[in-house]
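Shown below: run_39.txt, with compact mmCIF, C-alpha atoms.
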```
# COMPACT_ATOMS: atom_id res chain seq x y z
CA MET V 1 40.92 29.54 -5.83
CA ALA V 2 39.08 31.79 -3.42
CA THR V 3 41.24 30.83 -0.50
CA GLU V 4 43.15 34.06 -0.70
CA THR V 5 39.96 36.08 -0.34
CA HIS V 6 38.11 36.36 2.95
CA GLY V 7 34.49 37.03 3.77
CA ALA V 8 31.34 36.51 1.75
CA GLU V 9 31.58 39.97 0.23
CA SER V 10 34.71 39.14 -1.72
CA ALA V 11 33.20 36.01 -3.23
CA SER V 12 34.46 36.29 -6.72
CA GLY V 13 34.60 32.58 -7.33
CA MET V 14 32.93 30.05 -5.12
CA PRO V 15 31.15 31.31 -1.99
CA GLN V 16 31.26 27.68 -0.86
CA LEU V 17 34.95 28.03 -0.17
CA ASP V 18 34.53 30.93 2.25
CA PRO V 19 35.36 29.31 5.61
CA SER V 20 33.84 32.15 7.65
CA THR V 21 30.37 30.65 7.17
CA TYR V 22 31.35 27.04 7.88
CA SER V 23 30.69 27.02 11.62
CA ASN V 24 27.28 28.58 11.02
CA GLN V 25 26.36 26.11 8.28
CA ILE V 26 27.59 23.11 10.24
CA PHE V 27 25.74 24.21 13.37
CA TRP V 28 22.41 24.55 11.60
CA LEU V 29 23.00 21.42 9.53
CA VAL V 30 23.62 19.30 12.61
CA LEU V 31 20.52 20.81 14.21
CA ALA V 32 18.45 19.98 11.11
CA LEU V 33 19.81 16.44 10.92
CA VAL V 34 19.13 15.81 14.59
CA ALA V 35 15.61 17.18 14.16
CA ILE V 36 14.96 14.92 11.17
CA TYR V 37 16.49 11.94 12.97
CA LEU V 38 14.31 12.48 16.02
CA LEU V 39 11.20 12.94 13.89
CA LEU V 40 11.94 9.75 12.01
CA SER V 41 13.13 7.48 14.79
CA ARG V 42 10.56 8.61 17.38
CA VAL V 43 7.46 9.09 15.27
CA ALA V 44 7.52 8.45 11.56
CA LEU V 45 9.43 5.22 11.06
CA PRO V 46 7.79 3.17 13.86
CA ARG V 47 4.41 4.41 12.66
CA ILE V 48 5.01 3.56 9.00
CA GLY V 49 6.59 0.26 9.95
CA ALA V 50 3.55 -0.59 12.06
CA VAL V 51 1.18 0.40 9.28
CA LEU V 52 3.07 -1.71 6.75
CA ALA V 53 3.18 -4.69 9.12
CA GLU V 54 -0.50 -4.26 9.88
CA ARG V 55 -1.31 -4.14 6.18
CA GLN V 56 0.79 -7.24 5.54
CA GLY V 57 -0.98 -8.97 8.42
CA ALA V 58 -4.35 -7.85 7.16
CA ILE V 59 -3.58 -9.15 3.67
CA THR V 60 -2.36 -12.49 5.02
CA ASN V 61 -5.37 -12.75 7.30
CA ASP V 62 -7.74 -11.83 4.51
CA ILE V 63 -6.27 -14.44 2.20
CA ALA V 64 -6.51 -17.08 4.94
CA ALA V 65 -10.06 -16.00 5.74
CA ALA V 66 -10.97 -16.11 2.05
CA GLU V 67 -9.55 -19.61 1.81
CA GLU V 68 -11.52 -20.66 4.89
CA LEU V 69 -14.69 -19.09 3.56
CA LYS V 70 -14.19 -20.87 0.27
CA LEU V 71 -13.92 -24.19 2.10
CA LYS V 72 -16.98 -23.30 4.15
CA ALA V 73 -18.88 -22.42 1.01
CA ALA V 74 -17.98 -25.76 -0.55
CA GLU V 75 -19.07 -27.50 2.63
CA ALA V 76 -22.28 -25.55 2.71
CA GLU V 77 -22.95 -26.45 -0.90
CA LYS V 78 -22.42 -30.10 -0.10
CA ALA V 79 -24.71 -29.84 2.91
CA TYR V 80 -27.29 -28.07 0.79
CA ASP V 81 -27.14 -30.77 -1.85
CA LYS V 82 -27.48 -33.42 0.83
CA ALA V 83 -30.41 -31.62 2.43
CA LEU V 84 -32.05 -31.28 -0.95
CA ALA V 85 -31.66 -34.98 -1.67
CA ASP V 86 -32.94 -35.84 1.83
CA ALA V 87 -35.91 -33.57 1.41
CA ARG V 88 -36.70 -35.12 -1.95
CA ALA V 89 -36.53 -38.62 -0.51
CA GLU V 90 -38.67 -37.59 2.44
CA ALA V 91 -41.18 -35.96 0.17
CA ALA V 92 -41.39 -39.10 -1.92
CA GLU V 93 -41.84 -41.15 1.25
CA ILE V 94 -44.55 -38.85 2.55
CA THR V 95 -46.28 -38.98 -0.79
CA ALA V 96 -46.23 -42.76 -0.79
CA GLU V 97 -47.38 -42.91 2.82
CA THR V 98 -50.17 -40.48 2.20
CA LYS V 99 -51.22 -42.38 -0.85
CA ALA V 100 -51.28 -45.64 1.10
CA SER V 101 -53.22 -44.18 4.03
CA MET V 102 -55.68 -42.55 1.70
CA GLN V 103 -56.10 -45.84 -0.14
CA ALA V 104 -56.73 -47.59 3.14
CA GLU V 105 -59.27 -44.98 4.21
CA LEU V 106 -60.91 -45.19 0.84
CA ASP V 107 -61.03 -48.94 1.03
CA ALA V 108 -62.52 -48.82 4.50
CA ALA V 109 -65.11 -46.28 3.42
CA LEU V 110 -65.96 -48.34 0.37
CA ALA V 111 -66.32 -51.47 2.46
CA LYS V 112 -68.50 -49.63 4.95
CA ALA V 113 -70.61 -48.23 2.17
CA ASP V 114 -70.92 -51.68 0.59
CA ALA V 115 -72.02 -53.17 3.89
CA GLU V 116 -74.58 -50.42 4.42
CA ILE V 117 -75.87 -50.88 0.93
CA ALA V 118 -76.11 -54.63 1.40
CA GLU V 119 -78.03 -54.20 4.67
CA GLN V 120 -80.36 -51.67 3.15
CA GLN V 121 -80.88 -54.02 0.23
CA LYS V 122 -81.70 -56.82 2.61
CA GLU V 123 -84.14 -54.64 4.53
CA SER V 124 -85.71 -53.50 1.32
CA ALA V 125 -86.01 -57.05 0.10
CA ALA V 126 -87.71 -58.02 3.38
CA ARG V 127 -90.10 -55.14 3.14
CA ILE V 128 -90.80 -55.94 -0.50
CA GLY V 129 -91.52 -59.50 0.51
CA GLU V 130 -93.86 -58.27 3.28
CA ILE V 131 -95.60 -55.92 0.92
CA ARG V 132 -96.01 -58.72 -1.63
CA ASP V 133 -97.37 -61.09 0.99
CA SER V 134 -99.83 -58.56 2.24
CA ALA V 135 -100.74 -57.72 -1.33
CA THR V 136 -101.27 -61.41 -2.09
CA ALA V 137 -103.49 -61.82 0.99
CA ASN V 138 -105.47 -58.78 -0.04
CA VAL V 139 -105.83 -60.10 -3.59
CA GLU V 140 -107.07 -63.43 -2.18
CA ALA V 141 -109.61 -61.75 0.01
CA VAL V 142 -110.76 -59.57 -2.87
CA ALA V 143 -110.89 -62.59 -5.15
CA LYS V 144 -112.98 -64.52 -2.57
CA ASP V 145 -115.35 -61.60 -2.16
CA THR V 146 -115.57 -61.14 -5.92
CA ALA V 147 -116.12 -64.80 -6.52
CA GLU V 148 -118.91 -64.93 -3.83
CA ALA V 149 -120.46 -61.87 -5.29
CA LEU V 150 -120.34 -63.34 -8.78
CA VAL V 151 -121.81 -66.61 -7.66
CA ALA V 152 -124.54 -64.88 -5.75
CA HIS V 153 -125.35 -62.70 -8.66
CA LEU V 154 -125.53 -65.65 -11.01
CA GLY V 155 -128.15 -67.01 -8.80
CA GLY V 156 -126.29 -69.80 -7.21
CA GLN V 157 -126.21 -70.53 -3.54
CA ALA V 158 -122.71 -69.64 -2.67
CA ASP V 159 -121.01 -71.85 -0.24
CA SER V 160 -118.34 -69.55 1.10
CA GLY V 161 -116.24 -72.39 2.33
CA GLN V 162 -116.19 -74.05 -1.07
CA ILE V 163 -115.44 -70.84 -2.87
CA ALA V 164 -112.58 -70.05 -0.50
CA GLY V 165 -111.08 -73.43 -1.15
CA VAL V 166 -111.35 -73.02 -4.95
CA VAL V 167 -109.86 -69.53 -4.92
CA SER V 168 -107.05 -70.61 -2.67
CA SER V 169 -106.25 -73.54 -4.90
CA LYS V 170 -106.32 -71.32 -8.00
CA MET V 171 -104.12 -68.72 -6.39
CA GLY V 172 -101.76 -71.22 -4.95
CA GLY V 173 -101.35 -72.67 -8.42
CA ARG V 174 -99.78 -69.56 -9.59
CA MET I 1 30.36 43.26 -5.41
CA ALA I 2 30.16 44.42 -9.01
CA ASP I 3 32.83 47.11 -8.66
CA LYS I 4 35.08 44.73 -6.84
CA ALA I 5 34.63 42.20 -9.59
CA THR I 6 35.57 44.71 -12.29
CA GLY I 7 38.67 45.46 -10.34
CA GLU I 8 39.66 41.87 -9.99
CA GLY I 9 38.07 40.87 -13.23
CA ALA I 10 41.34 40.06 -14.94
CA SER I 11 42.53 37.62 -12.31
CA HIS I 12 39.20 35.80 -11.99
CA ALA I 13 38.09 36.00 -15.57
CA ALA I 14 38.33 32.28 -16.15
CA GLU I 15 36.48 31.35 -12.99
CA ALA I 16 33.02 32.71 -13.49
CA ALA I 17 31.31 33.14 -16.80
CA GLY I 18 29.19 35.97 -15.49
CA HIS I 19 32.09 37.98 -14.26
CA ALA I 20 34.05 37.29 -17.37
CA ALA I 21 31.27 38.61 -19.54
CA GLU I 22 30.79 41.67 -17.42
CA GLY I 23 31.21 44.98 -19.12
CA GLY I 24 29.75 43.49 -22.33
CA SER I 25 26.39 44.43 -23.83
CA GLY I 26 24.39 44.41 -20.61
CA LEU I 27 25.29 40.80 -19.89
CA ASN I 28 25.63 40.90 -16.12
CA ILE I 29 25.41 37.37 -14.75
CA HIS I 30 26.46 36.28 -11.29
CA PRO I 31 25.79 32.54 -11.26
CA MET I 32 27.57 32.01 -7.96
CA ASP I 33 25.73 34.69 -5.97
CA GLN I 34 22.98 32.21 -5.18
CA PHE I 35 25.41 30.20 -3.08
CA VAL I 36 26.37 33.08 -0.75
CA VAL I 37 25.39 32.46 2.85
CA GLU I 38 23.77 35.67 4.12
CA PRO I 39 22.17 36.65 7.41
CA LEU I 40 18.40 36.86 7.07
CA PHE I 41 17.66 39.60 9.59
CA SER I 42 20.81 41.71 9.66
CA ASP I 43 23.68 42.85 7.47
CA GLY I 44 26.49 41.88 9.76
CA PRO I 45 28.93 39.01 9.45
CA VAL I 46 27.81 35.40 9.71
CA HIS I 47 28.46 34.07 13.20
CA MET I 48 27.88 30.51 14.32
CA PHE I 49 24.31 31.06 15.53
CA THR I 50 23.27 33.69 12.99
CA VAL I 51 20.00 32.84 11.28
CA THR I 52 20.89 32.76 7.60
CA ASN I 53 19.27 31.82 4.30
CA SER I 54 20.91 28.43 4.82
CA THR I 55 19.12 28.13 8.17
CA LEU I 56 15.81 28.95 6.51
CA TRP I 57 16.11 26.30 3.83
CA LEU I 58 17.44 23.69 6.23
CA ALA I 59 14.38 24.39 8.38
CA LEU I 60 12.13 24.10 5.33
CA ALA I 61 13.69 20.71 4.56
CA VAL I 62 12.94 19.59 8.13
CA LEU I 63 9.43 20.93 7.72
CA GLY I 64 9.03 19.04 4.44
CA VAL I 65 10.16 15.80 6.06
CA ALA I 66 7.77 16.39 8.95
CA LEU I 67 4.87 17.14 6.61
CA LEU I 68 5.46 14.07 4.47
CA LEU I 69 6.39 11.49 7.07
CA VAL I 70 4.70 12.67 10.25
CA VAL I 71 1.65 14.68 9.21
CA GLY I 72 1.14 12.60 6.08
CA THR I 73 0.94 9.36 8.03
CA ARG I 74 -1.13 10.58 10.98
CA GLY I 75 -4.15 8.65 9.69
CA ARG I 76 -2.23 5.36 10.10
CA ALA I 77 -4.63 4.06 7.48
CA VAL I 78 -4.38 0.47 6.30
CA VAL I 79 -5.62 1.81 2.98
CA PRO I 80 -3.29 4.83 2.69
CA SER I 81 -4.07 8.38 1.60
CA ARG I 82 -1.98 9.88 -1.22
CA VAL I 83 0.57 11.52 1.07
CA GLN I 84 0.80 8.45 3.24
CA SER I 85 1.44 6.23 0.25
CA VAL I 86 4.29 8.55 -0.82
CA ALA I 87 5.73 8.34 2.70
CA GLU I 88 5.41 4.55 2.59
CA LEU I 89 7.03 4.54 -0.82
CA ALA I 90 10.04 6.47 0.55
CA TYR I 91 10.19 4.16 3.57
CA GLY I 92 10.04 1.04 1.43
CA PHE I 93 12.55 2.43 -1.06
CA VAL I 94 15.26 3.13 1.53
CA HIS I 95 14.39 0.10 3.66
CA LYS I 96 14.77 -2.21 0.68
CA MET I 97 17.97 -0.46 -0.37
CA VAL I 98 19.55 -0.94 3.06
CA GLU I 99 18.44 -4.56 3.21
CA ASP I 100 19.56 -5.41 -0.33
CA VAL I 101 22.89 -3.59 -0.31
CA ALA I 102 24.08 -3.82 3.29
CA GLY I 103 22.22 -6.88 4.50
CA LYS I 104 19.56 -7.61 7.08
CA ASP I 105 21.79 -6.80 10.05
CA ALA I 106 22.24 -3.26 8.68
CA LEU I 107 18.57 -2.53 9.26
CA LYS I 108 19.28 -1.20 12.76
CA PHE I 109 21.01 1.72 11.02
CA PHE I 110 17.98 2.30 8.79
CA PRO I 111 16.82 5.45 10.68
CA TYR I 112 20.21 7.12 10.14
CA ILE I 113 20.29 6.27 6.46
CA MET I 114 16.68 7.36 6.06
CA THR I 115 17.61 10.66 7.70
CA LEU I 116 20.42 11.18 5.20
CA PHE I 117 18.25 10.27 2.23
CA LEU I 118 15.32 12.45 3.22
CA PHE I 119 17.50 15.40 4.15
CA ILE I 120 19.38 15.34 0.84
CA ALA I 121 16.28 14.63 -1.24
CA PHE I 122 14.28 17.43 0.37
CA SER I 123 17.17 19.92 0.27
CA ASN I 124 17.79 19.14 -3.40
CA MET I 125 14.12 19.40 -4.35
CA LEU I 126 13.46 22.57 -2.35
CA ALA I 127 16.58 24.13 -3.85
CA LEU I 128 14.91 23.91 -7.26
CA LEU I 129 12.31 26.47 -6.22
CA PRO I 130 13.09 29.93 -7.62
CA MET I 131 14.84 32.30 -5.15
CA SER I 132 15.77 29.36 -2.95
CA PHE I 133 19.08 28.49 -1.35
CA SER I 134 20.58 25.02 -1.76
CA PRO I 135 22.32 23.74 1.39
CA THR I 136 23.48 20.65 -0.49
CA SER I 137 25.49 22.84 -2.87
CA GLN I 138 27.66 23.89 0.07
CA ILE I 139 30.82 21.86 0.50
CA ALA I 140 30.65 22.52 4.23
CA VAL I 141 27.30 20.74 4.41
CA THR I 142 28.14 17.81 2.18
CA ALA I 143 31.53 17.38 3.83
CA VAL I 144 29.84 17.04 7.21
CA LEU I 145 27.53 14.44 5.72
CA GLY I 146 30.28 12.57 3.89
CA PHE I 147 32.79 12.60 6.74
CA SER I 148 30.13 11.65 9.28
CA VAL I 149 29.37 8.56 7.22
CA PHE I 150 33.08 7.85 6.77
CA ILE I 151 33.93 8.20 10.45
CA ALA I 152 30.84 6.34 11.63
CA VAL I 153 31.45 3.46 9.23
CA THR I 154 35.16 3.23 10.08
CA VAL I 155 34.54 3.27 13.82
CA LEU I 156 31.75 0.74 13.40
CA GLY I 157 34.01 -1.50 11.33
CA PHE I 158 36.71 -1.55 14.00
CA VAL I 159 34.24 -1.94 16.87
CA LEU I 160 32.42 -4.84 15.24
CA ASN I 161 35.35 -6.64 13.61
CA GLY I 162 38.42 -5.47 15.51
CA SER I 163 41.61 -5.86 13.53
CA LYS I 164 39.80 -8.10 11.06
CA PHE I 165 38.42 -4.90 9.59
CA LEU I 166 41.87 -4.33 8.11
CA GLY I 167 41.20 -7.39 5.97
CA LEU I 168 39.22 -4.98 3.83
CA PHE I 169 42.57 -3.73 2.52
CA TRP I 170 44.29 -7.10 2.28
CA VAL I 171 42.85 -8.75 -0.83
CA SER I 172 43.35 -12.39 0.09
CA SER I 173 42.13 -13.64 -3.28
CA ALA I 174 44.94 -11.85 -5.13
CA PRO I 175 48.45 -13.32 -5.64
CA LEU I 176 50.71 -12.70 -2.66
CA VAL I 177 53.04 -10.42 -4.61
CA LEU I 178 50.22 -8.10 -5.59
CA ARG I 179 48.69 -7.86 -2.16
CA PRO I 180 50.85 -5.03 -0.73
CA ILE I 181 50.31 -2.95 -3.88
CA LEU I 182 46.58 -3.61 -3.78
CA ALA I 183 46.58 -2.74 -0.10
CA VAL I 184 48.03 0.68 -0.86
CA ILE I 185 45.47 1.24 -3.62
CA GLU I 186 42.63 0.06 -1.38
CA LEU I 187 43.82 2.30 1.42
CA ILE I 188 43.97 5.36 -0.82
CA SER I 189 40.57 4.61 -2.32
CA TYR I 190 39.18 4.15 1.19
CA PHE I 191 40.37 7.55 2.32
CA VAL I 192 39.20 9.21 -0.89
CA ARG I 193 35.69 7.91 -0.24
CA PRO I 194 34.47 10.77 1.99
CA VAL I 195 35.92 13.35 -0.39
CA SER I 196 34.27 11.92 -3.48
CA HIS I 197 31.14 11.22 -1.46
CA SER I 198 30.72 14.86 -0.48
CA VAL I 199 32.19 16.61 -3.51
CA ARG I 200 29.97 14.57 -5.85
CA LEU I 201 26.81 15.88 -4.19
CA ALA I 202 27.89 19.50 -3.81
CA GLY I 203 29.39 19.57 -7.29
CA ASN I 204 26.30 18.20 -9.00
CA ILE I 205 23.91 20.57 -7.28
CA MET I 206 26.17 23.60 -7.63
CA ALA I 207 26.85 22.97 -11.32
CA GLY I 208 23.21 22.53 -12.17
CA HIS I 209 22.12 25.65 -10.36
CA ALA I 210 24.96 27.72 -11.81
CA VAL I 211 24.03 26.61 -15.34
CA LEU I 212 20.39 27.54 -14.69
CA LYS I 213 21.50 30.97 -13.51
CA VAL I 214 23.74 31.51 -16.53
CA PHE I 215 20.93 30.64 -18.92
CA ALA I 216 18.58 32.87 -16.95
CA GLY I 217 21.08 35.71 -17.43
CA PHE I 218 21.10 35.03 -21.18
CA ALA I 219 17.33 35.10 -21.23
CA GLY I 220 17.38 38.53 -19.64
CA ALA I 221 19.86 39.88 -22.18
CA LEU I 222 18.66 38.40 -25.46
CA GLY I 223 15.34 40.26 -25.72
CA LEU I 224 13.26 38.77 -28.51
CA PHE I 225 15.42 35.67 -28.74
CA SER I 226 15.19 34.90 -25.08
CA PHE I 227 12.90 31.97 -25.87
CA ILE I 228 16.00 29.96 -26.74
CA PRO I 229 17.60 30.10 -23.25
CA ILE I 230 14.14 29.74 -21.70
CA LEU I 231 13.64 26.48 -23.58
CA ALA I 232 17.10 25.43 -22.47
CA ILE I 233 16.24 26.31 -18.86
CA THR I 234 13.11 24.18 -19.09
CA GLY I 235 15.16 21.22 -20.28
CA ILE I 236 17.90 21.73 -17.71
CA TYR I 237 15.31 22.14 -14.97
CA ALA I 238 13.85 18.75 -15.82
CA LEU I 239 17.34 17.29 -15.78
CA GLU I 240 18.01 18.95 -12.43
CA LEU I 241 14.88 17.38 -10.96
CA LEU I 242 16.30 14.04 -11.98
CA VAL I 243 19.75 14.96 -10.61
CA ALA I 244 18.21 16.11 -7.32
CA PHE I 245 16.70 12.67 -6.78
CA ILE I 246 19.57 10.68 -8.23
CA GLN I 247 22.17 12.43 -6.06
CA ALA I 248 20.14 11.66 -2.94
CA TYR I 249 19.86 8.07 -4.15
CA VAL I 250 23.59 7.82 -4.96
CA PHE I 251 24.63 9.29 -1.63
CA THR I 252 22.33 6.87 0.20
CA ILE I 253 23.33 3.76 -1.72
CA LEU I 254 27.04 4.56 -1.29
CA THR I 255 26.42 4.94 2.43
CA CYS I 256 24.86 1.47 2.34
CA VAL I 257 27.87 0.09 0.44
CA TYR I 258 30.28 1.58 3.00
CA LEU I 259 28.12 0.22 5.79
CA LYS I 260 28.27 -3.21 4.22
CA ASP I 261 32.08 -3.00 4.24
CA ALA I 262 31.97 -2.20 7.94
CA LEU I 263 29.59 -5.07 8.73
CA HIS I 264 31.14 -7.66 6.42
CA PRO I 265 34.73 -6.59 5.68
CA SER I 266 35.72 -9.81 3.94
CA HIS I 267 35.83 -9.48 0.17
```

Reformat the file's structure so that it appears as structure tokens.
Amino acid sequence: MATETHGAESASGMPQLDPSTYSNQIFWLVLALVAIYLLLSRVALPRIGAVLAERQGAITNDIAAAEELKLKAAEAEKAYDKALADARAEAAEITAETKASMQAELDAALAKADAEIAEQQKESAARIGEIRDSATANVEAVAKDTAEALVAHLGGQADSGQIAGVVSSKMGGR
Amino acid sequence: MADKATGEGASHAAEAAGHAAEGGSGLNIHPMDQFVVEPLFSDGPVHMFTVTNSTLWLALAVLGVALLLVVGTRGRAVVPSRVQSVAELAYGFVHKMVEDVAGKDALKFFPYIMTLFLFIAFSNMLALLPMSFSPTSQIAVTAVLGFSVFIAVTVLGFVLNGSKFLGLFWVSSAPLVLRPILAVIELISYFVRPVSHSVRLAGNIMAGHAVLKVFAGFAGALGLFSFIPILAITGIYALELLVAFIQAYVFTILTCVYLKDALHPSH
């Protein structure tokens, strides 16, 4: 419709159909397209592609690592349970051992104490016997002296030999 | 331009709503003015290397791509920042599209397709800023894009498959009688591809922006009742945001479909 008119100034109708600007528009368009293409193919697209690939890799790696960690955690739990059971068993063993050793020590100490007591008892019994013997001898002597003194005081002629014999026989009769 | 338009108003009345309504009660709308390619730093004619408003917005699209995909990903973080995750989203979106539509062996063309997608998406989105210029509304731009895809895909098809690529037009599953007729239809549809491919994009963007401009003109003229066109503009703007993305998506996915035909021409 505007083909019969020429130049932008006579653009009654569509300025798009004015061919005098075409070479200009096409020149700058091609320049712009080349610029965008170079920006994209040299810089932007490789960079974004790398970032996306890296992210994908990171996600895959993270999922794998999470899976691995999960397995490790399960393993660790198992190991922990096992260690706990082992420790419990060991503790029970140590308790029993300790109990037994303490019992043995106690028994030994008791036996030792018993033996000491028995010895001391024996010693004491011996000393008691000694003391009694000496006491008996003393009593005999005192009784002889008393008997002599009594006889003498009653006016009799005391035969010390006779008196000793009587006292001894009396005492021995006890 | 206004005096010229009044002069030629009768002959072009049907073409532009703004011009048609000119001379009315202050309704002076030029919805197509936004598509004029103008030099930025001079008043002269537009030569091949003149820096124009088109140049500026093409450069801004490149800048946008660089900010999102290069600066946004400079952290290379395994746990991405916000911008980086958007860049990765775009990457994944197009990557998956290429892989799903055109197959795994099409992935070596992924940078080219990504270039197309990002360029169109950024141009479309930036064009929605007020006072902006939309390169993708220019048939010259979209035709370059569409015909580049067409030529690249056709050459690729013949290089990879040789004459077997012509099997694309010979529907071997159809009855023998129908095959020549189908071949003609297939051939026509094949050569219409670049036209529809480029006109679809330019048409969508141009129409949307023209409608926005027309409603904006209404808003300026209606005074107290201008809230009605403003509400309409809000709705259309939302729709245009959707269109901006969808057209980039459609262009890209059609490129993938054509690429698939070149890689696997058998039906």

inquiry  = Within 7 Å of chain V, which residues belong to chain I? Use all atoms listed in the file and report them as a PyMOL selection string.
reply    = chain I and resi 1+5+15-16+32+35-37+46-50+54-55+58-59+62+66+69-70+76+78+88+111-112+115+138-141

C-alpha atoms of the current selection, written as a JSON list (two decimals), keeping the file's coordinate frame:
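Written output follows (out.json):
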```json
[["chain", "number", "residue", "atom", "x", "y", "z"],
["I", 1, "MET", "CA", 30.36, 43.26, -5.41],
["I", 5, "ALA", "CA", 34.63, 42.20, -9.59],
["I", 15, "GLU", "CA", 36.48, 31.35, -12.99],
["I", 16, "ALA", "CA", 33.02, 32.71, -13.49],
["I", 32, "MET", "CA", 27.57, 32.01, -7.96],
["I", 35, "PHE", "CA", 25.41, 30.20, -3.08],
["I", 36, "VAL", "CA", 26.37, 33.08, -0.75],
["I", 37, "VAL", "CA", 25.39, 32.46, 2.85],
["I", 46, "VAL", "CA", 27.81, 35.40, 9.71],
["I", 47, "HIS", "CA", 28.46, 34.07, 13.20],
["I", 48, "MET", "CA", 27.88, 30.51, 14.32],
["I", 49, "PHE", "CA", 24.31, 31.06, 15.53],
["I", 50, "THR", "CA", 23.27, 33.69, 12.99],
["I", 54, "SER", "CA", 20.91, 28.43, 4.82],
["I", 55, "THR", "CA", 19.12, 28.13, 8.17],
["I", 58, "LEU", "CA", 17.44, 23.69, 6.23],
["I", 59, "ALA", "CA", 14.38, 24.39, 8.38],
["I", 62, "VAL", "CA", 12.94, 19.59, 8.13],
["I", 66, "ALA", "CA", 7.77, 16.39, 8.95],
["I", 69, "LEU", "CA", 6.39, 11.49, 7.07],
["I", 70, "VAL", "CA", 4.70, 12.67, 10.25],
["I", 76, "ARG", "CA", -2.23, 5.36, 10.10],
["I", 78, "VAL", "CA", -4.38, 0.47, 6.30],
["I", 88, "GLU", "CA", 5.41, 4.55, 2.59],
["I", 111, "PRO", "CA", 16.82, 5.45, 10.68],
["I", 112, "TYR", "CA", 20.21, 7.12, 10.14],
["I", 115, "THR", "CA", 17.61, 10.66, 7.70],
["I", 138, "GLN", "CA", 27.66, 23.89, 0.07],
["I", 139, "ILE", "CA", 30.82, 21.86, 0.50],
["I", 140, "ALA", "CA", 30.65, 22.52, 4.23],
["I", 141, "VAL", "CA", 27.30, 20.74, 4.41]]
```

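Considering the residues I:Val214, I:Ala174, I:Val149, I:Leu40 and counting all atoms listed in the file, Ile253 of chain I has its shortest atom-to-atom contact with I:Val149.
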
ask   = For the atom pair atom CA of Ala121 of chain I and atom CA of Glu240 of chain I, what is the interatomic distance in Å to one decimal place?
value = 12.1 Å

Excluding Lys164 of chain I and residues on its chain fewer than 5 positions from it, collect all residues at most 12 Å away from it, counting all atoms listed in the file, and give them as a PDB file with C-alpha atoms, keeping the file's coordinate frame.
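To be explicit, this is the file written out as result.pdb:
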```
ATOM      1  CA  GLY I 157      34.010  -1.500  11.330  1.00  0.00           C
ATOM      2  CA  PHE I 158      36.710  -1.550  14.000  1.00  0.00           C
ATOM      3  CA  VAL I 159      34.240  -1.940  16.870  1.00  0.00           C
ATOM      4  CA  PHE I 169      42.570  -3.730   2.520  1.00  0.00           C
ATOM      5  CA  TRP I 170      44.290  -7.100   2.280  1.00  0.00           C
ATOM      6  CA  ASP I 261      32.080  -3.000   4.240  1.00  0.00           C
ATOM      7  CA  ALA I 262      31.970  -2.200   7.940  1.00  0.00           C
ATOM      8  CA  LEU I 263      29.590  -5.070   8.730  1.00  0.00           C
ATOM      9  CA  HIS I 264      31.140  -7.660   6.420  1.00  0.00           C
ATOM     10  CA  PRO I 265      34.730  -6.590   5.680  1.00  0.00           C
ATOM     11  CA  SER I 266      35.720  -9.810   3.940  1.00  0.00           C
ATOM     12  CA  HIS I 267      35.830  -9.480   0.170  1.00  0.00           C
TER      13      HIS I 267
END
```

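In this structure, atom CA of Ile246 of chain I sits 14.1 Å away from atom CA of Leu128 of chain I.
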
inquiry  = So that I can check the surroundings of Lys96 of chain I, please list as a PyMOL selection string every protein, DNA and RNA residue that reaches within 12 Å of it, counting only C-alpha atoms and ignoring chain neighbours fewer than 6 positions away.
reply    = chain I and resi 88-90+102-104+106-107+110+113-114+252-253+256

Box for segment 204-210 of chain I: with edges along x, y and z, all listed atoms inside and 3 Å added on each side, what are the centre and edge lengths in Å to one decimal, as AutoDock Vina command-line options?
```
--center_x 24.5 --center_y 23.0 --center_z -9.7 --size_x 10.7 --size_y 15.5 --size_z 10.9
```

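In this comparison, which uses all atoms listed in the file, the residue of I:Ile233, I:Val192, I:Leu242, I:Ile120 approaching Ala210 of chain I most closely is I:Ile233.
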
query = Around (12.7, 25.3, 4.9) in the file's frame, which residues reach within 12 Å when counting all atoms listed in the file? Return as a PyMOL selection string?
reply = (chain V and resi 28-29+32) or (chain I and resi 52-67+119+122-127+129+132-135)

ask   = Mind pulling up the distance from atom CA of Ala100 of chain V to atom CA of Ala87 of chain V?
value = 19.5 Å

request  = List the neighbours of segment 163-173 of chain V out to 9 Å using only C-alpha atoms; skip same-chain residues closer than 6 positions along the sequence, and give me the result as a list in words.
outcome  = Thr136, Glu140, Ala141, Ala143, Lys144, Ala147 and Glu148 of chain V

Same residues, C-alpha atoms, output as an mmCIF file, in the coordinates of the input:
```
data_model
loop_
_atom_site.group_PDB
_atom_site.id
_atom_site.type_symbol
_atom_site.label_atom_id
_atom_site.label_comp_id
_atom_site.auth_asym_id
_atom_site.auth_seq_id
_atom_site.Cartn_x
_atom_site.Cartn_y
_atom_site.Cartn_z
ATOM 1 C CA THR V 136 -101.270 -61.410 -2.090
ATOM 2 C CA GLU V 140 -107.070 -63.430 -2.180
ATOM 3 C CA ALA V 141 -109.610 -61.750 0.010
ATOM 4 C CA ALA V 143 -110.890 -62.590 -5.150
ATOM 5 C CA LYS V 144 -112.980 -64.520 -2.570
ATOM 6 C CA ALA V 147 -116.120 -64.800 -6.520
ATOM 7 C CA GLU V 148 -118.910 -64.930 -3.830
#
```
